[in-house]
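Okay, structure first, notes after.
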Amino acid sequence: MDLFTPIVSETAQHPNFRTITKHNNQFNFDVVNEWASGFQDRDGKFVKEFQTTFDSSFWELYVFAALKQLGMEVDFSVPSPDFSVTTGGGMNLEATVALHAQGAPPEHSERRVEEIPRDLNELNRQTMLRIRNSIDTKHKKHSNLYASLDHVRDRPFVLAITAFDGPYARLSCQRAIEAVLYGYYVDEERFLREGGALQGQRLTSVRKNNLSDVALAVFGRAEFAWLSAVIFSSCASWGKVRALSSDPNPNIFFEALRLNANGVMPHLVRARKSEYSESLLDGLRVYHNPSATHKLDTKTFRHHDVFQSYFSEIDGEWMHDQRDGLLQYRSVITGIPQQQSSADAANG
């Protein structure tokens, strides 16, 4: 499967694909090609979709790479959902991307310093709405199609979600997804303003621009009992590719925030690429639905670099698989020598 040789006109290409192919960095291409190794294009449209819509196809390749990394085998003989995993007790997984609302700036818009969100609560509100919309769309598809399939029935069903709903969507990290799934929200604006403990609060709904309310905590709702778990990452962007590549360019710089298990302020990492390390699974988070009809075994995604949240019926309490240093946020920038145009600078 040749992903990077254009098969559509330049005007039809997604802006991200145009940028990537303009730089023509084979080191980065090698990473994505490795992700795609073993992936089967069942309907013959994947390459075109990768080049024209990009975000959802890129996320699907990342999810497939993660499944491979965790030793899972996928049966591509069934047409849907995206991944029918046959290892262990088996499960089905559908990948989805929360994209920007109509009229809102897309993820690929130019990032300007003066446009960095000044209110994290507003940023998170918008992302909550977009994630909830994506889950609702898959809820309908599960009810109308997936639930009737033999290979889906009586097995755990997992959604893999990421948010590409705006140029600064990654700043939301895990705040929006945890509010949507559990109704658990951390008001970082209040913490920055007042100090004290960084604590979460119960959030039952989020308000749309038209002032109507959208219910949160979908894991507590009976109609979502079909949903066994959600896997999420705000770090599976093109920056992940650049972190994993063997690009020897000395002018690539990374900045990352990693979990501080002993305090509220994360570990800050600033380093050149030659001194920076990140794994494929860094930043991957798994949230289990305690009310699921078919629960996902917590061993399925257990890994040193993967965060998991689940309710232990044995211990009668919420458990969190995490360690000091788990990736929460990362950005990357390439310095451009003065003789080159600043238009060649690439963020990830």
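Letters A, B, ... go to the chains of the structure tokens in the order shown; residues in each chain start at 1; ligands are counted from 1 in the same order.
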Please, which residues in region 256-290 of chain A fall within 12 Å of region 48-69 of chain A when counting only C-alpha atoms, and what is the closest atom pair and distance in Å to one decimal for each, ordered by chain then residue number, as a Markdown table?
| residue | atom | partner | partner_atom | distance |
| --- | --- | --- | --- | --- |
| A:Ser279 | CA | A:Gln69 | CA | 10.4 |
| A:Leu280 | CA | A:Ala66 | CA | 7.0 |
| A:Leu281 | CA | A:Ala66 | CA | 6.5 |
| A:Asp282 | CA | A:Ala66 | CA | 10.2 |
| A:Gly283 | CA | A:Ala66 | CA | 11.3 |
| A:Leu284 | CA | A:Ala66 | CA | 8.9 |
| A:Arg285 | CA | A:Ala66 | CA | 11.6 |
Go ahead and save the picked residues with all heavy atoms, as a tab-separated table (two decimals), in the first residue's frame.
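Wrote it out as again_32.tsv, contents follow:
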chain	number	residue	atom	x	y	z
A	279	SER	N	7.99	6.36	23.12
A	279	SER	CA	7.59	5.09	22.53
A	279	SER	C	6.29	5.24	21.77
A	279	SER	O	5.57	6.23	21.91
A	279	SER	CB	7.43	4.02	23.62
A	279	SER	OG	6.21	4.22	24.33
A	280	LEU	N	5.96	4.24	20.98
A	280	LEU	CA	4.71	4.24	20.22
A	280	LEU	C	3.51	4.38	21.14
A	280	LEU	O	2.56	5.13	20.86
A	280	LEU	CB	4.59	2.94	19.42
A	280	LEU	CG	3.26	2.74	18.68
A	280	LEU	CD1	3.16	3.68	17.49
A	280	LEU	CD2	3.09	1.29	18.24
A	281	LEU	N	3.53	3.69	22.28
A	281	LEU	CA	2.38	3.66	23.17
A	281	LEU	C	2.35	4.80	24.18
A	281	LEU	O	1.36	4.96	24.90
A	281	LEU	CB	2.34	2.32	23.92
A	281	LEU	CG	2.20	1.07	23.04
A	281	LEU	CD1	2.24	-0.18	23.89
A	281	LEU	CD2	0.93	1.11	22.20
A	282	ASP	N	3.40	5.60	24.24
A	282	ASP	CA	3.41	6.76	25.13
A	282	ASP	C	2.21	7.65	24.84
A	282	ASP	O	1.98	8.06	23.70
A	282	ASP	CB	4.70	7.58	24.91
A	282	ASP	CG	5.72	7.36	26.01
A	282	ASP	OD1	5.32	7.01	27.13
A	282	ASP	OD2	6.91	7.55	25.73
A	283	GLY	N	1.45	7.96	25.88
A	283	GLY	CA	0.29	8.84	25.72
A	283	GLY	C	-1.02	8.11	25.50
A	283	GLY	O	-2.09	8.73	25.49
A	284	LEU	N	-0.98	6.78	25.35
A	284	LEU	CA	-2.21	6.01	25.13
A	284	LEU	C	-2.92	5.79	26.46
A	284	LEU	O	-2.31	5.42	27.46
A	284	LEU	CB	-1.88	4.67	24.49
A	284	LEU	CG	-3.08	3.86	23.98
A	284	LEU	CD1	-3.77	4.59	22.84
A	284	LEU	CD2	-2.64	2.47	23.53
A	285	ARG	N	-4.23	6.03	26.46
A	285	ARG	CA	-5.04	5.92	27.67
A	285	ARG	C	-6.24	5.01	27.40
A	285	ARG	O	-6.86	5.10	26.33
A	285	ARG	CB	-5.51	7.31	28.14
A	285	ARG	CG	-4.36	8.30	28.30
A	285	ARG	CD	-4.85	9.68	28.69
A	285	ARG	NE	-5.33	9.75	30.06
A	285	ARG	CZ	-4.55	9.97	31.12
A	285	ARG	NH1	-3.24	10.13	30.97
A	285	ARG	NH2	-5.06	10.03	32.34
Which is closest to Pro79 (chain A) among A:Pro6, A:Gly44, A:Pro156, A:Pro106, if we use only C-alpha atoms?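 Among the listed residues, A:Gly44 lies closest to Pro79 (chain A).
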So that each row is one residue of region 275-315 of chain A with an atom at most 12 Å from region 249-271 of chain A, can you give its shortest atom pair and the distance in Å to one decimal, using only C-alpha atoms, rows by chain and rising number, as a tab-separated table?
residue	atom	partner	partner_atom	distance
A:Glu275	CA	A:Ala271	CA	5.9
A:Tyr276	CA	A:Ala271	CA	5.7
A:Ser277	CA	A:Ala271	CA	9.3
A:Glu278	CA	A:Ala256	CA	9.8
A:Asp282	CA	A:Arg258	CA	9.8
A:Gly283	CA	A:Arg258	CA	9.2
A:Asp305	CA	A:Leu259	CA	11.3
A:Phe307	CA	A:Leu259	CA	10.6
Selected residues, N, CA, C and O atoms, written as a PDB file, in the first residue's frame, please.
ATOM      1  N   GLU A 275      18.379  13.647  21.831  1.00  0.00           N
ATOM      2  CA  GLU A 275      18.370  13.387  23.271  1.00  0.00           C
ATOM      3  C   GLU A 275      16.965  13.070  23.790  1.00  0.00           C
ATOM      4  O   GLU A 275      16.764  12.916  25.003  1.00  0.00           O
ATOM      5  N   TYR A 276      16.006  12.974  22.884  1.00  0.00           N
ATOM      6  CA  TYR A 276      14.614  12.789  23.276  1.00  0.00           C
ATOM      7  C   TYR A 276      14.167  11.367  22.985  1.00  0.00           C
ATOM      8  O   TYR A 276      14.536  10.783  21.966  1.00  0.00           O
ATOM      9  N   SER A 277      13.360  10.803  23.880  1.00  0.00           N
ATOM     10  CA  SER A 277      12.876   9.429  23.713  1.00  0.00           C
ATOM     11  C   SER A 277      11.374   9.376  23.944  1.00  0.00           C
ATOM     12  O   SER A 277      10.852   9.970  24.891  1.00  0.00           O
ATOM     13  N   GLU A 278      10.694   8.648  23.075  1.00  0.00           N
ATOM     14  CA  GLU A 278       9.255   8.455  23.197  1.00  0.00           C
ATOM     15  C   GLU A 278       8.893   7.144  22.517  1.00  0.00           C
ATOM     16  O   GLU A 278       9.421   6.826  21.451  1.00  0.00           O
ATOM     17  N   ASP A 282       3.399   5.598  24.242  1.00  0.00           N
ATOM     18  CA  ASP A 282       3.411   6.764  25.130  1.00  0.00           C
ATOM     19  C   ASP A 282       2.207   7.653  24.845  1.00  0.00           C
ATOM     20  O   ASP A 282       1.981   8.064  23.702  1.00  0.00           O
ATOM     21  N   GLY A 283       1.446   7.964  25.877  1.00  0.00           N
ATOM     22  CA  GLY A 283       0.288   8.839  25.715  1.00  0.00           C
ATOM     23  C   GLY A 283      -1.022   8.105  25.500  1.00  0.00           C
ATOM     24  O   GLY A 283      -2.087   8.731  25.494  1.00  0.00           O
ATOM     25  N   ASP A 305       3.690   1.663  29.335  1.00  0.00           N
ATOM     26  CA  ASP A 305       3.482   3.023  28.847  1.00  0.00           C
ATOM     27  C   ASP A 305       2.012   3.402  28.699  1.00  0.00           C
ATOM     28  O   ASP A 305       1.704   4.498  28.214  1.00  0.00           O
ATOM     29  N   PHE A 307      -1.787   4.141  30.225  1.00  0.00           N
ATOM     30  CA  PHE A 307      -2.622   4.480  31.373  1.00  0.00           C
ATOM     31  C   PHE A 307      -3.943   3.729  31.253  1.00  0.00           C
ATOM     32  O   PHE A 307      -4.534   3.639  30.170  1.00  0.00           O
TER      33      PHE A 307
END
Output as a short mmCIF file (atom, residue, chain, number, x, y, z; two decimals) with N, CA and C atoms, in the first residue's frame all residues of region 143-345 of chain A that backbone DSSP marks as alpha helix (DSSP H).
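For reference, states23.cif as written:
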data_model
loop_
_atom_site.label_atom_id
_atom_site.label_comp_id
_atom_site.auth_asym_id
_atom_site.auth_seq_id
_atom_site.Cartn_x
_atom_site.Cartn_y
_atom_site.Cartn_z
N SER A 143 -25.89 0.36 16.95
CA SER A 143 -27.28 -0.10 17.07
C SER A 143 -27.83 -0.58 15.74
N ASN A 144 -27.50 0.14 14.66
CA ASN A 144 -28.08 -0.15 13.35
C ASN A 144 -27.34 -1.23 12.57
N ARG A 175 -8.53 15.94 29.80
CA ARG A 175 -9.61 16.58 30.55
C ARG A 175 -10.97 16.36 29.89
N ALA A 176 -11.07 16.57 28.60
CA ALA A 176 -12.36 16.48 27.92
C ALA A 176 -12.88 15.05 27.87
N ILE A 177 -12.01 14.10 27.54
CA ILE A 177 -12.46 12.71 27.40
C ILE A 177 -12.93 12.17 28.74
N GLU A 178 -12.28 12.52 29.84
CA GLU A 178 -12.69 12.02 31.15
C GLU A 178 -14.02 12.62 31.58
N ALA A 179 -14.28 13.85 31.18
CA ALA A 179 -15.57 14.46 31.47
C ALA A 179 -16.68 13.78 30.68
N VAL A 180 -16.42 13.50 29.42
CA VAL A 180 -17.44 12.86 28.58
C VAL A 180 -17.76 11.46 29.07
N LEU A 181 -16.75 10.70 29.45
CA LEU A 181 -16.96 9.31 29.83
C LEU A 181 -17.44 9.14 31.26
N TYR A 182 -16.80 9.86 32.19
CA TYR A 182 -17.07 9.66 33.61
C TYR A 182 -17.77 10.83 34.29
N GLU A 188 -8.67 23.45 35.62
CA GLU A 188 -7.31 23.95 35.75
C GLU A 188 -7.26 25.47 35.80
N GLU A 189 -8.25 26.13 35.19
CA GLU A 189 -8.31 27.59 35.27
C GLU A 189 -8.46 28.04 36.72
N ARG A 190 -9.31 27.36 37.46
CA ARG A 190 -9.49 27.72 38.87
C ARG A 190 -8.21 27.44 39.67
N PHE A 191 -7.55 26.33 39.35
CA PHE A 191 -6.30 26.01 40.04
C PHE A 191 -5.24 27.07 39.77
N LEU A 192 -5.13 27.50 38.51
CA LEU A 192 -4.13 28.51 38.16
C LEU A 192 -4.46 29.85 38.81
N ARG A 193 -5.74 30.11 39.00
CA ARG A 193 -6.17 31.39 39.57
C ARG A 193 -6.10 31.40 41.10
N GLU A 194 -6.48 30.28 41.73
CA GLU A 194 -6.61 30.27 43.18
C GLU A 194 -5.59 29.40 43.89
N TRP A 238 1.15 13.93 14.18
CA TRP A 238 2.34 13.76 13.35
C TRP A 238 3.61 13.91 14.20
N GLY A 239 3.49 14.59 15.34
CA GLY A 239 4.62 14.68 16.26
C GLY A 239 5.06 13.31 16.76
N LYS A 240 4.12 12.37 16.89
CA LYS A 240 4.47 11.00 17.27
C LYS A 240 5.38 10.38 16.22
N VAL A 241 5.03 10.59 14.96
CA VAL A 241 5.86 10.07 13.87
C VAL A 241 7.26 10.64 13.95
N ARG A 242 7.36 11.93 14.17
CA ARG A 242 8.66 12.59 14.21
C ARG A 242 9.48 12.14 15.42
N ALA A 243 8.80 11.84 16.51
CA ALA A 243 9.51 11.36 17.70
C ALA A 243 10.08 9.96 17.48
N LEU A 244 9.39 9.16 16.68
CA LEU A 244 9.81 7.78 16.47
C LEU A 244 10.78 7.62 15.29
#
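With CA of Asp297 (chain A) on one side and CA of Thr137 (chain A) on the other, the separation reads 25.1 Å.
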Between CA of Cys173 (chain A) and CA of Leu129 (chain A), what is the spacing in Å?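 Pair CA of Leu129 (chain A) / CA of Cys173 (chain A) returns 14.8 Å.
Going from CA of Arg130 (chain A) over to CA of Val97 (chain A), you cover 9.0 Å.
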Residue contacts of Leu123 (chain A) (8 Å, only C-alpha atoms) excluding same-chain residues fewer than 5 positions away, as a PDB file with N, CA, C and O atoms, in the first residue's frame:
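That gives us result-v6.pdb:
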ATOM      1  N   PRO A 117      -5.404  29.409  23.133  1.00  0.00           N
ATOM      2  CA  PRO A 117      -6.584  29.594  23.994  1.00  0.00           C
ATOM      3  C   PRO A 117      -6.237  30.207  25.346  1.00  0.00           C
ATOM      4  O   PRO A 117      -5.313  29.754  26.023  1.00  0.00           O
ATOM      5  N   ALA A 169      -6.266  21.531  19.887  1.00  0.00           N
ATOM      6  CA  ALA A 169      -7.033  20.466  20.538  1.00  0.00           C
ATOM      7  C   ALA A 169      -6.175  19.649  21.499  1.00  0.00           C
ATOM      8  O   ALA A 169      -6.660  19.178  22.530  1.00  0.00           O
ATOM      9  N   SER A 172      -6.047  20.043  25.386  1.00  0.00           N
ATOM     10  CA  SER A 172      -7.072  19.487  26.268  1.00  0.00           C
ATOM     11  C   SER A 172      -6.573  18.253  27.004  1.00  0.00           C
ATOM     12  O   SER A 172      -7.086  17.917  28.079  1.00  0.00           O
TER      13      SER A 172
END
Please identify the strand (DSSP E) residues within region 71-302 of chain A (assignment by DSSP from backbone atoms) and present them as a PyMOL selection string. chain A and resi 83-85+91-99+157-164+184-186+200-202+205-207+213-215+229-232+252-258+267-272+285-288
Could you dump the residues just selected with N, CA and C atoms as a compact mmCIF listing (two decimals), in the first residue's frame?
# COMPACT_ATOMS: atom_id res chain seq x y z
N PHE A 83 -11.59 -3.04 13.33
CA PHE A 83 -10.67 -4.09 13.76
C PHE A 83 -11.41 -5.15 14.56
N SER A 84 -11.41 -6.36 14.03
CA SER A 84 -11.93 -7.51 14.76
C SER A 84 -10.73 -8.27 15.31
N VAL A 85 -10.47 -8.11 16.60
CA VAL A 85 -9.29 -8.69 17.24
C VAL A 85 -9.62 -10.11 17.68
N MET A 91 -12.25 -9.20 20.68
CA MET A 91 -12.99 -7.95 20.86
C MET A 91 -13.11 -7.28 19.51
N ASN A 92 -13.97 -6.28 19.43
CA ASN A 92 -14.12 -5.47 18.23
C ASN A 92 -13.83 -4.03 18.57
N LEU A 93 -13.17 -3.34 17.65
CA LEU A 93 -12.74 -1.98 17.90
C LEU A 93 -13.04 -1.11 16.68
N GLU A 94 -13.61 0.04 16.93
CA GLU A 94 -13.91 1.02 15.90
C GLU A 94 -13.16 2.31 16.19
N ALA A 95 -12.48 2.85 15.19
CA ALA A 95 -11.73 4.09 15.35
C ALA A 95 -12.57 5.26 14.89
N THR A 96 -12.49 6.36 15.63
CA THR A 96 -13.24 7.56 15.26
C THR A 96 -12.46 8.79 15.69
N VAL A 97 -12.68 9.89 14.98
CA VAL A 97 -11.98 11.15 15.24
C VAL A 97 -13.00 12.26 15.47
N ALA A 98 -12.80 13.01 16.53
CA ALA A 98 -13.63 14.19 16.78
C ALA A 98 -13.05 15.36 15.99
N LEU A 99 -13.77 15.81 14.98
CA LEU A 99 -13.30 16.89 14.12
C LEU A 99 -13.99 18.21 14.49
N PHE A 157 -16.79 -4.43 22.99
CA PHE A 157 -16.71 -3.47 21.89
C PHE A 157 -16.02 -2.21 22.41
N VAL A 158 -14.99 -1.77 21.68
CA VAL A 158 -14.14 -0.66 22.11
C VAL A 158 -14.15 0.43 21.05
N LEU A 159 -14.23 1.67 21.48
CA LEU A 159 -14.02 2.80 20.59
C LEU A 159 -12.63 3.37 20.81
N ALA A 160 -11.93 3.65 19.73
CA ALA A 160 -10.65 4.36 19.78
C ALA A 160 -10.91 5.78 19.30
N ILE A 161 -10.73 6.74 20.19
CA ILE A 161 -11.10 8.12 19.90
C ILE A 161 -9.90 9.05 20.07
N THR A 162 -9.78 10.00 19.16
CA THR A 162 -8.87 11.12 19.37
C THR A 162 -9.57 12.38 18.93
N ALA A 163 -9.08 13.52 19.39
CA ALA A 163 -9.72 14.80 19.07
C ALA A 163 -8.79 15.65 18.21
N PHE A 164 -9.22 15.87 16.96
CA PHE A 164 -8.54 16.80 16.06
C PHE A 164 -9.54 17.91 15.72
N TYR A 184 -16.11 13.41 35.08
CA TYR A 184 -15.05 13.86 35.99
C TYR A 184 -14.26 14.96 35.28
N TYR A 185 -14.21 16.14 35.91
CA TYR A 185 -13.55 17.28 35.26
C TYR A 185 -12.66 18.02 36.23
N VAL A 186 -11.48 18.36 35.77
CA VAL A 186 -10.53 19.14 36.55
C VAL A 186 -10.49 20.56 35.99
N GLY A 200 -10.58 17.13 41.04
CA GLY A 200 -11.65 17.01 40.07
C GLY A 200 -13.00 17.32 40.68
N GLN A 201 -13.98 17.52 39.81
CA GLN A 201 -15.34 17.79 40.25
C GLN A 201 -16.30 17.02 39.36
N ARG A 202 -17.52 16.86 39.85
CA ARG A 202 -18.56 16.18 39.08
C ARG A 202 -19.15 17.15 38.07
N SER A 205 -23.18 17.80 32.69
CA SER A 205 -23.55 18.22 31.34
C SER A 205 -22.62 19.32 30.87
N VAL A 206 -22.67 19.57 29.57
CA VAL A 206 -21.90 20.66 28.97
C VAL A 206 -22.83 21.43 28.05
N ARG A 207 -22.69 22.73 28.03
CA ARG A 207 -23.63 23.58 27.29
C ARG A 207 -23.13 23.85 25.88
N ASP A 213 -28.20 21.81 26.74
CA ASP A 213 -27.23 21.03 27.49
C ASP A 213 -27.08 19.63 26.90
N VAL A 214 -25.85 19.15 26.92
CA VAL A 214 -25.53 17.79 26.47
C VAL A 214 -25.05 17.00 27.67
N ALA A 215 -25.66 15.86 27.91
CA ALA A 215 -25.31 15.04 29.08
C ALA A 215 -23.92 14.44 28.94
N ALA A 229 -15.15 -0.10 26.49
CA ALA A 229 -14.04 0.77 26.87
C ALA A 229 -13.77 1.76 25.75
N VAL A 230 -13.05 2.80 26.09
CA VAL A 230 -12.59 3.78 25.11
C VAL A 230 -11.09 3.92 25.25
N ILE A 231 -10.38 3.82 24.13
CA ILE A 231 -8.96 4.14 24.14
C ILE A 231 -8.79 5.51 23.49
N PHE A 232 -7.87 6.29 24.05
CA PHE A 232 -7.75 7.69 23.67
C PHE A 232 -6.29 8.10 23.71
N ILE A 252 15.77 19.67 15.31
CA ILE A 252 14.43 19.26 15.75
C ILE A 252 14.40 19.29 17.27
N PHE A 253 13.43 20.02 17.81
CA PHE A 253 13.34 20.20 19.26
C PHE A 253 11.99 19.71 19.78
N PHE A 254 12.02 19.05 20.92
CA PHE A 254 10.80 18.53 21.55
C PHE A 254 10.59 19.18 22.90
N GLU A 255 9.31 19.38 23.21
CA GLU A 255 8.92 19.79 24.55
C GLU A 255 7.78 18.86 24.98
N ALA A 256 7.92 18.26 26.14
CA ALA A 256 6.93 17.29 26.60
C ALA A 256 6.60 17.51 28.07
N LEU A 257 5.36 17.20 28.42
CA LEU A 257 4.94 17.16 29.81
C LEU A 257 4.64 15.71 30.16
N ARG A 258 5.27 15.25 31.24
CA ARG A 258 5.09 13.86 31.67
C ARG A 258 4.58 13.83 33.10
N HIS A 267 6.38 16.77 34.99
CA HIS A 267 7.78 16.88 34.60
C HIS A 267 7.85 17.56 33.23
N LEU A 268 8.66 18.57 33.12
CA LEU A 268 8.85 19.27 31.84
C LEU A 268 10.14 18.77 31.19
N VAL A 269 10.02 18.33 29.94
CA VAL A 269 11.17 17.84 29.18
C VAL A 269 11.37 18.74 27.98
N ARG A 270 12.55 19.26 27.83
CA ARG A 270 12.92 20.02 26.64
C ARG A 270 14.22 19.44 26.12
N ALA A 271 14.22 19.01 24.86
CA ALA A 271 15.42 18.32 24.36
C ALA A 271 15.45 18.32 22.84
N ARG A 272 16.68 18.27 22.31
CA ARG A 272 16.85 18.02 20.89
C ARG A 272 16.42 16.58 20.60
N ARG A 285 -4.23 6.03 26.46
CA ARG A 285 -5.04 5.92 27.67
C ARG A 285 -6.24 5.01 27.40
N VAL A 286 -6.58 4.17 28.37
CA VAL A 286 -7.70 3.23 28.23
C VAL A 286 -8.66 3.45 29.38
N TYR A 287 -9.91 3.74 29.04
CA TYR A 287 -10.95 3.97 30.04
C TYR A 287 -11.99 2.86 29.94
N HIS A 288 -12.21 2.15 31.03
CA HIS A 288 -13.14 1.03 31.05
C HIS A 288 -14.51 1.47 31.56
